[in-house]
file entry.cif (mmCIF, C-alpha atoms and all ligand atoms)
data_final
#
loop_
_atom_site.label_atom_id
_atom_site.label_comp_id
_atom_site.auth_asym_id
_atom_site.auth_seq_id
_atom_site.Cartn_x
_atom_site.Cartn_y
_atom_site.Cartn_z
CA MET O 14 0.00 0.00 0.00
CA PHE O 15 1.15 3.51 -0.83
CA LEU O 16 0.58 6.85 0.85
CA LEU O 17 0.34 9.93 -1.35
CA PRO O 18 0.53 12.90 1.06
CA LEU O 19 -0.33 16.27 -0.47
CA SER O 20 1.11 19.55 0.74
CA GLY O 21 -1.52 20.38 3.39
CA THR O 22 -0.79 17.27 5.46
CA PRO O 23 1.41 17.91 8.51
CA GLN O 24 4.65 15.91 8.42
CA SER O 25 3.91 14.43 11.86
CA LEU O 26 0.69 12.93 10.46
CA VAL O 27 2.43 11.62 7.34
CA ASN O 28 5.03 9.89 9.54
CA SER O 29 2.53 8.31 11.88
CA LEU O 30 0.21 7.15 9.08
CA ARG O 31 3.21 5.51 7.40
CA ASN O 32 4.31 3.85 10.64
CA TYR O 33 0.94 2.62 11.88
CA CYS O 34 -0.36 1.51 8.46
CA ASN O 35 3.00 0.34 7.12
CA LEU O 36 2.76 2.42 3.94
CA SER O 37 5.35 3.21 1.27
CA LEU O 38 5.64 6.81 0.20
CA ALA O 39 4.43 7.62 -3.34
CA GLU O 40 6.73 9.94 -5.27
CA LYS O 41 5.41 13.00 -7.02
CA LEU O 42 6.45 16.25 -8.61
CA HIS O 43 4.50 19.32 -7.52
CA LYS O 44 5.31 22.80 -8.80
CA ARG O 45 3.78 26.06 -9.88
CA PHE O 46 3.92 27.57 -13.35
CA PRO O 47 5.08 31.19 -13.56
CA ASP O 48 1.44 32.29 -13.86
CA GLY O 49 0.64 30.67 -10.49
CA GLU O 50 -1.16 27.53 -11.71
CA GLN O 51 -0.20 24.25 -10.05
CA TYR O 52 1.21 21.15 -11.76
CA ILE O 53 1.39 17.62 -10.40
CA ARG O 54 2.94 14.46 -11.78
CA ILE O 55 2.85 11.16 -9.90
CA THR O 56 6.06 9.32 -10.64
CA SER O 57 5.89 6.09 -8.55
CA ASP O 58 4.79 2.89 -10.22
CA MET O 59 1.78 1.89 -8.11
CA ARG O 60 0.02 -0.55 -10.44
CA ASN O 61 -2.17 -3.08 -8.57
CA LYS O 62 -1.57 -1.32 -5.29
CA ILE O 63 -3.90 0.51 -2.90
CA ILE O 64 -3.15 4.23 -2.78
CA ILE O 65 -4.19 6.37 0.15
CA VAL O 66 -4.28 10.06 -0.71
CA VAL O 67 -4.18 12.39 2.29
CA GLN O 68 -4.80 16.11 2.07
CA SER O 69 -5.65 18.55 4.82
CA LEU O 70 -7.35 21.62 3.44
CA TYR O 71 -5.84 24.39 5.58
CA PRO O 72 -4.21 26.90 5.36
CA GLU O 73 -4.60 28.29 1.81
CA GLN O 74 -7.74 26.23 1.41
CA ASP O 75 -8.38 27.07 -2.27
CA SER O 76 -4.90 26.11 -3.37
CA LYS O 77 -5.02 22.84 -1.35
CA LEU O 78 -8.35 21.95 -2.97
CA VAL O 79 -6.97 22.45 -6.49
CA GLU O 80 -3.93 20.33 -5.60
CA LEU O 81 -6.24 17.57 -4.35
CA TYR O 82 -8.35 17.56 -7.50
CA LEU O 83 -5.24 17.55 -9.72
CA ALA O 84 -3.82 14.56 -7.82
CA LEU O 85 -7.08 12.60 -8.01
CA GLU O 86 -7.34 13.23 -11.74
CA ALA O 87 -3.71 12.21 -12.22
CA LEU O 88 -4.38 8.92 -10.39
CA GLU O 89 -7.45 8.36 -12.55
CA GLY O 90 -5.24 8.76 -15.62
CA LEU O 91 -2.95 6.02 -14.31
CA ASN O 92 -5.94 3.64 -14.19
CA LEU O 93 -5.49 2.83 -10.53
CA THR O 94 -8.84 1.66 -9.25
CA GLU O 95 -7.94 1.29 -5.58
CA VAL O 96 -7.75 4.88 -4.43
CA GLU O 97 -8.79 5.92 -0.92
CA LEU O 98 -8.96 9.48 0.35
CA VAL O 99 -8.31 10.80 3.85
CA ILE O 100 -9.29 14.41 4.60
CA PRO O 101 -8.06 15.32 8.10
CA TYR O 102 -9.53 18.82 7.83
CA MET O 103 -12.36 19.58 5.41
CA ALA O 104 -12.44 23.31 4.64
CA TYR O 105 -15.66 25.12 3.64
CA SER O 106 -17.71 22.75 5.82
CA ARG O 107 -19.23 25.33 8.13
CA GLN O 108 -21.34 26.75 5.30
CA ASP O 109 -23.40 23.57 4.98
CA LYS O 110 -26.70 25.40 4.64
CA ARG O 111 -28.00 28.72 3.35
CA PHE O 112 -28.15 30.73 6.57
CA LEU O 113 -29.09 33.90 4.63
CA ALA O 114 -30.85 34.21 1.29
CA GLY O 115 -28.40 34.47 -1.58
CA GLU O 116 -25.64 32.43 0.06
CA PRO O 117 -24.17 29.26 -1.46
CA MET O 118 -24.04 25.90 0.29
CA SER O 119 -20.26 26.08 0.08
CA VAL O 120 -19.63 22.50 1.17
CA LYS O 121 -21.78 21.26 -1.71
CA ALA O 122 -20.18 23.57 -4.28
CA VAL O 123 -16.64 22.64 -3.25
CA TYR O 124 -16.93 18.86 -2.78
CA MET O 125 -19.53 17.76 -5.35
CA PRO O 126 -16.74 17.22 -7.94
CA LEU O 127 -15.38 14.43 -5.68
CA ARG O 128 -18.29 12.38 -6.98
CA LEU O 129 -16.57 12.23 -10.38
CA PHE O 130 -13.72 10.10 -9.04
CA ASN O 131 -13.74 6.41 -8.46
CA LEU O 132 -12.78 6.49 -4.78
CA ARG O 133 -12.97 3.25 -2.82
CA LYS O 134 -13.52 5.08 0.44
CA ILE O 135 -13.36 8.57 1.90
CA LEU O 136 -12.49 9.22 5.52
CA ALA O 137 -12.81 12.60 7.21
CA LEU O 138 -11.89 13.65 10.71
CA ASP O 139 -14.76 15.30 12.59
CA LEU O 140 -16.96 16.73 9.85
CA HIS O 141 -18.61 19.96 10.93
CA SER O 142 -22.02 18.28 10.59
CA PRO O 143 -22.90 14.57 10.24
CA LYS O 144 -25.31 15.66 7.46
CA ILE O 145 -22.47 16.72 5.12
CA PRO O 146 -22.20 13.36 3.28
CA GLU O 147 -25.90 13.66 2.43
CA VAL O 148 -25.51 17.29 1.31
CA ILE O 149 -22.64 16.35 -1.04
CA GLY O 150 -24.22 13.04 -2.09
CA LEU O 151 -21.16 10.96 -1.16
CA ALA O 152 -20.43 8.25 1.41
CA ILE O 153 -17.88 9.69 3.85
CA GLN O 154 -16.75 7.91 7.00
CA ASN O 155 -16.76 10.54 9.77
CA ILE O 156 -14.25 9.83 12.54
CA LEU O 157 -14.80 11.54 15.89
CA PRO O 158 -11.52 11.73 17.82
CA HIS O 159 -12.55 13.29 21.17
CA THR O 160 -12.42 10.09 23.24
CA TYR O 161 -9.01 9.25 21.75
CA MET O 162 -7.78 12.80 22.53
CA VAL O 163 -8.97 12.77 26.15
CA LYS O 164 -7.45 9.34 26.79
CA LYS O 165 -4.13 10.26 25.12
CA VAL O 166 -3.69 13.41 27.20
CA GLY O 167 -5.01 11.67 30.32
CA ILE O 168 -7.23 14.41 31.78
CA GLU O 169 -9.95 13.55 34.30
CA VAL O 170 -13.33 15.16 33.59
CA ASP O 171 -16.67 15.13 35.41
CA PHE O 172 -18.98 16.72 32.84
CA ILE O 173 -18.99 17.13 29.05
CA LEU O 174 -20.49 20.15 27.34
CA ALA O 175 -21.18 20.95 23.70
CA PRO O 176 -20.97 24.70 22.96
CA ASP O 177 -24.24 24.52 21.01
CA LYS O 178 -26.97 22.02 20.19
CA GLY O 179 -25.43 21.23 16.79
CA ALA O 180 -22.33 19.84 18.54
CA LEU O 181 -24.32 17.64 20.93
CA HIS O 182 -23.46 14.40 19.08
CA ARG O 183 -19.77 14.93 19.96
CA ALA O 184 -20.55 15.47 23.64
CA ARG O 185 -22.84 12.43 23.71
CA ILE O 186 -20.28 10.07 22.20
CA LEU O 187 -17.45 11.19 24.50
CA ALA O 188 -19.77 11.08 27.53
CA GLU O 189 -20.93 7.55 26.71
CA ASN O 190 -17.37 6.36 26.13
CA ILE O 191 -16.05 7.66 29.44
CA GLY O 192 -19.24 7.21 31.46
CA LYS O 193 -19.91 10.86 32.37
CA PRO O 194 -22.97 13.16 32.04
CA PHE O 195 -23.29 15.63 29.16
CA ASP O 196 -25.31 18.63 28.04
CA TYR O 197 -25.07 21.64 25.75
CA LEU O 198 -24.89 25.43 25.96
CA GLU O 199 -27.06 27.84 24.01
CA LYS O 200 -25.01 29.70 21.42
CA TYR O 201 -26.23 32.46 19.16
CA ARG O 202 -24.05 33.87 16.38
CA ASP O 203 -25.19 37.00 14.56
CA ARG O 204 -24.81 36.00 10.91
CA ILE O 205 -24.10 39.58 9.84
CA THR O 206 -21.73 40.87 12.54
CA GLY O 207 -20.31 37.48 13.60
CA GLU O 208 -20.89 38.39 17.28
CA ILE O 209 -21.31 35.35 19.54
CA ASN O 210 -23.48 34.99 22.63
CA VAL O 211 -23.27 31.91 24.82
CA SER O 212 -25.67 31.21 27.67
CA ILE O 213 -25.93 28.35 30.05
CA ARG O 214 -29.13 26.41 30.62
CA GLU O 215 -29.97 25.08 34.08
CA LEU O 216 -26.66 23.44 34.91
CA ASP O 217 -24.87 22.98 38.22
CA VAL O 218 -21.16 22.93 37.38
CA LYS O 219 -19.81 23.97 40.81
CA ASN O 220 -16.45 22.30 41.55
CA LEU O 221 -16.69 20.20 38.38
CA ARG O 222 -13.98 19.58 35.78
CA ILE O 223 -15.64 20.39 32.46
CA ALA O 224 -14.63 19.34 28.95
CA ILE O 225 -16.08 21.47 26.15
CA VAL O 226 -16.03 19.46 22.91
CA ASP O 227 -16.17 21.01 19.46
CA ASP O 228 -14.92 20.53 15.91
CA ILE O 229 -13.22 23.89 15.27
CA VAL O 230 -11.66 26.73 17.18
CA SER O 231 -11.01 29.73 15.01
CA THR O 232 -11.26 33.16 16.68
CA GLY O 233 -11.63 31.46 20.08
CA GLY O 234 -14.76 33.55 20.75
CA THR O 235 -17.02 30.54 21.39
CA LEU O 236 -14.61 28.83 23.79
CA ALA O 237 -13.64 32.00 25.64
CA LYS O 238 -17.26 32.95 26.30
CA ALA O 239 -18.16 29.41 27.40
CA ALA O 240 -15.10 29.15 29.68
CA GLN O 241 -15.83 32.51 31.34
CA ILE O 242 -19.43 31.51 32.10
CA LEU O 243 -18.35 28.13 33.50
CA TYR O 244 -15.67 29.65 35.77
CA ASP O 245 -18.21 32.24 37.00
CA LEU O 246 -20.51 29.36 37.93
CA GLY O 247 -17.74 27.72 39.96
CA ALA O 248 -16.29 25.09 37.60
CA SER O 249 -12.90 23.97 38.96
CA LYS O 250 -11.31 23.25 35.56
CA VAL O 251 -12.36 23.97 31.98
CA TYR O 252 -10.73 21.99 29.20
CA ALA O 253 -11.46 22.40 25.49
CA VAL O 254 -11.27 19.26 23.36
CA VAL O 255 -11.41 20.56 19.81
CA THR O 256 -10.35 18.60 16.74
CA HIS O 257 -9.19 21.40 14.42
CA ALA O 258 -7.37 24.44 15.82
CA LEU O 259 -7.28 27.12 13.10
CA ILE O 260 -5.59 29.46 15.51
CA SER O 261 -3.68 32.70 15.16
CA GLU O 262 -1.67 34.66 17.74
CA LYS O 263 -4.87 36.62 18.45
CA THR O 264 -6.82 33.40 19.15
CA ILE O 265 -4.12 32.28 21.57
CA GLN O 266 -4.37 35.62 23.40
CA THR O 267 -8.19 35.40 23.56
CA LEU O 268 -8.09 31.88 24.98
CA SER O 269 -5.28 32.68 27.38
CA ALA O 270 -7.24 35.69 28.72
CA SER O 271 -10.28 33.44 29.29
CA GLY O 272 -8.24 31.34 31.74
CA LEU O 273 -8.95 28.08 29.86
CA ASP O 274 -6.95 25.33 31.61
CA MET O 275 -6.07 23.39 28.48
CA LEU O 276 -6.85 23.21 24.76
CA ILE O 277 -6.45 19.69 23.43
CA THR O 278 -6.39 19.50 19.65
CA THR O 279 -5.01 17.25 16.89
CA ASN O 280 -2.45 17.34 14.12
CA SER O 281 -5.25 17.46 11.50
CA ILE O 282 -3.62 20.67 10.30
CA LEU O 283 -0.20 22.26 10.52
CA HIS O 284 0.34 24.46 13.61
CA PRO O 285 2.98 27.04 14.42
CA GLU O 286 5.99 25.30 15.98
CA ALA O 287 6.05 27.13 19.30
CA LEU O 288 2.69 26.72 21.01
CA PRO O 289 2.09 27.53 24.68
CA LYS O 290 2.19 24.56 27.07
CA TRP O 291 -1.57 24.70 27.70
CA ILE O 292 -2.18 23.73 24.04
CA GLN O 293 -1.65 19.98 23.58
CA VAL O 294 -1.56 18.52 20.07
CA THR O 295 -2.46 14.81 19.83
CA ASP O 296 -1.32 12.76 16.87
CA VAL O 297 -4.31 11.10 15.16
CA GLY O 298 -2.31 8.87 12.78
CA GLU O 299 -2.98 5.74 14.83
CA LEU O 300 -6.71 6.51 15.03
CA LEU O 301 -7.03 7.19 11.28
CA CYS O 302 -5.02 4.11 10.50
CA SER O 303 -7.16 1.81 12.64
CA GLU O 304 -10.26 3.17 10.86
CA LEU O 305 -8.64 2.63 7.45
CA LYS O 306 -7.87 -0.97 8.36
CA SER O 307 -11.32 -1.64 9.80
CA LEU O 308 -13.30 -0.41 6.78
C1 LIG O 401 -19.35 26.44 14.74
O1 LIG O 401 -20.44 26.00 14.44
C2 LIG O 401 -18.17 25.58 15.04
O2 LIG O 401 -18.54 24.31 15.45
C3 LIG O 401 -17.27 26.23 16.07
O3 LIG O 401 -17.98 26.34 17.29
C4 LIG O 401 -16.85 27.59 15.60
O4 LIG O 401 -16.31 27.52 14.32
C5 LIG O 401 -15.83 28.20 16.54
O5 LIG O 401 -15.45 29.43 16.02
P1 LIG O 401 -14.79 30.56 16.90
O6 LIG O 401 -13.57 29.96 17.57
O7 LIG O 401 -14.46 31.63 15.92
O8 LIG O 401 -15.80 31.00 17.92
#
call {"tool": "encode", "arguments": {"input": "entry.cif", "output": "structure tokens"}}
result
Amino acid sequence: MFLLPLSGTPQSLVNSLRNYCNLSLAEKLHKRFPDGEQYIRITSDMRNKIIIVVQSLYPEQDSKLVELYLALEALEGLNLTEVELVIPYMAYSRQDKRFLAGEPMSVKAVYMPLRLFNLRKILALDLHSPKIPEVIGLAIQNILPHTYMVKKVGIEVDFILAPDKGALHRARILAENIGKPFDYLEKYRDRITGEINVSIRELDVKNLRIAIVDDIVSTGGTLAKAAQILYDLGASKVYAVVTHALISEKTIQTLSASGLDMLITTNSILHPEALPKWIQVTDVGELLCSELKSL
């Protein structure tokens, strides 16, 4: 079996996928023409082999998407029928409905072309919504890593919270796996200004260690507001267990000011090298690999 990692995949994830799944590395040439267009040529002989393509679609989402489509078309041209795709981070997924009239369903626009390729399976890590495969019209195996993340880092938690109702499935699965109660917060985001309001429903969190589970942290606004409310209500620890950390310096400052005890995330995307100690990055290569083997 071969692994064809494209440029969005963090090296740590490439290494662990290779180790855990015992994969050879496919060779390729990837360059840009002077006008900015990308060019790919796959140079390994992979006839009669299974090829696993892995591409994480952040940062420079648009460029990573074009690279992915070029690679899939190149593989099609080589007549390899056993191609599998792993998408550790699926960009454009948050716009999975038309929140305001005149908006596109971005996830549909961006991923519908995947239906043109003869892919044996598609795996994604923590899709923004479990309805995305239906929206695109494609079978996608959605892997939720929160239990794996909590166990890897070894934190003890008493209560699991989703930051909004849409994230409740994540809280439920983690709660069932570790045998703890769960609930959700009420979140309202103004679709025009982007302003977030988080409120707590009738919850007694006094002296409890809380894990907030989510798919994405971006500005940190959701987590910071939730953490502040929970500390005000007497929570003893607030941890965030969030699969994809699309964080900037400003996000780190926002989260640090909120007093969050720890942000546990994954290597689904590339992070800056020097992160503060309270941000823990778990390697999901082993998890992805066990799912690839089990399918
Ligand atoms: C929203 O529906 C997502 O699940 C996350 O809660 C959101 O993207 C977090 O964004 P931010 O960190 O900017 O509040």
call {"tool": "atom_distance", "arguments": {"input": "entry.cif", "atom1": "CA of Leu81 (chain O)", "atom2": "CA of Val96 (chain O)"}}
result
12.8 Å
call {"tool": "atom_distance", "arguments": {"input": "entry.cif", "atom1": "CA of Gly207 (chain O)", "atom2": "CA of Ala237 (chain O)"}}
result
14.8 Å
call {"tool": "residues_near_point", "arguments": {"input": "entry.cif", "point": "(-4.1, 19.3, -9.6)", "cutoff": "10 Å", "atoms": "only C-alpha atoms", "output": "PyMOL selection string"}}
result
chain O and resi 43+50-54+76-87
call {"tool": "closest_residue", "arguments": {"input": "entry.cif", "among": "O:Arg111, O:Lys164, O:His141, O:His182", "to": "ligand LIG 401 (chain O)", "atoms": "all atoms listed in the file"}}
result
O:His141
call {"tool": "residues_near_ligand", "arguments": {"input": "entry.cif", "ligand": "ligand LIG 401 (chain O)", "cutoff": "8 Å", "atoms": "all atoms listed in the file", "output": "VMD selection string"}}
result
chain O and resid 107 141 176 to 177 179 to 180 209 227 to 236 264
call {"tool": "closest_residue", "arguments": {"input": "entry.cif", "among": "O:Val297, O:Val27, O:Leu157, O:Leu221", "to": "Asp139 (chain O)", "atoms": "all atoms listed in the file"}}
result
O:Leu157
call {"tool": "closest_residue", "arguments": {"input": "entry.cif", "among": "O:Lys238, O:Asp296, O:Ile225, O:Ser69", "to": "Glu208 (chain O)", "atoms": "all atoms listed in the file"}}
result
O:Lys238
call {"tool": "residues_around", "arguments": {"input": "entry.cif", "residues": "Val67 (chain O)", "least_positions_apart": "5", "cutoff": "9 Å", "atoms": "all atoms listed in the file", "output": "ChimeraX atom specification"}}
result
/O:16-19,21-22,27,81,97-101
call {"tool": "closest_residue", "arguments": {"input": "entry.cif", "among": "O:Thr256, O:Ile213, O:Ser281, O:Ala270", "to": "Gly298 (chain O)", "atoms": "only C-alpha atoms"}}
result
O:Ser281
call {"tool": "closest_residue", "arguments": {"input": "entry.cif", "among": "O:Leu70, O:Asn92, O:Glu299, O:Val148", "to": "Asn28 (chain O)", "atoms": "only C-alpha atoms"}}
result
O:Glu299
call {"tool": "atom_distance", "arguments": {"input": "entry.cif", "atom1": "CA of Tyr124 (chain O)", "atom2": "CA of Ile149 (chain O)"}}
result
6.5 Å
call {"tool": "residues_near_point", "arguments": {"input": "entry.cif", "point": "(-29.1, 26.8, 32.6)", "cutoff": "12 Å", "atoms": "all atoms listed in the file", "output": "MDAnalysis selection string"}}
result
chainID O and resid 196:199 211:218 242:243 246
call {"tool": "closest_residue", "arguments": {"input": "entry.cif", "among": "O:Glu304, O:Asp75, O:Glu169, O:Glu262", "to": "Pro285 (chain O)", "atoms": "all atoms listed in the file"}}
result
O:Glu262
call {"tool": "decode", "arguments": {"input": "entry.cif", "residues": "region 107-120 of chain O", "atoms": "C-alpha atoms", "output": "PDB file, in the first residue's frame"}}
result
ATOM      1  CA  ARG O 107     -19.231  25.334   8.134  1.00  0.00           C
ATOM      2  CA  GLN O 108     -21.342  26.751   5.304  1.00  0.00           C
ATOM      3  CA  ASP O 109     -23.397  23.570   4.980  1.00  0.00           C
ATOM      4  CA  LYS O 110     -26.697  25.404   4.643  1.00  0.00           C
ATOM      5  CA  ARG O 111     -28.002  28.721   3.353  1.00  0.00           C
ATOM      6  CA  PHE O 112     -28.153  30.729   6.568  1.00  0.00           C
ATOM      7  CA  LEU O 113     -29.087  33.903   4.635  1.00  0.00           C
ATOM      8  CA  ALA O 114     -30.851  34.206   1.285  1.00  0.00           C
ATOM      9  CA  GLY O 115     -28.404  34.471  -1.585  1.00  0.00           C
ATOM     10  CA  GLU O 116     -25.635  32.432   0.062  1.00  0.00           C
ATOM     11  CA  PRO O 117     -24.166  29.257  -1.457  1.00  0.00           C
ATOM     12  CA  MET O 118     -24.036  25.897   0.286  1.00  0.00           C
ATOM     13  CA  SER O 119     -20.260  26.084   0.076  1.00  0.00           C
ATOM     14  CA  VAL O 120     -19.625  22.498   1.168  1.00  0.00           C
TER      15      VAL O 120
END
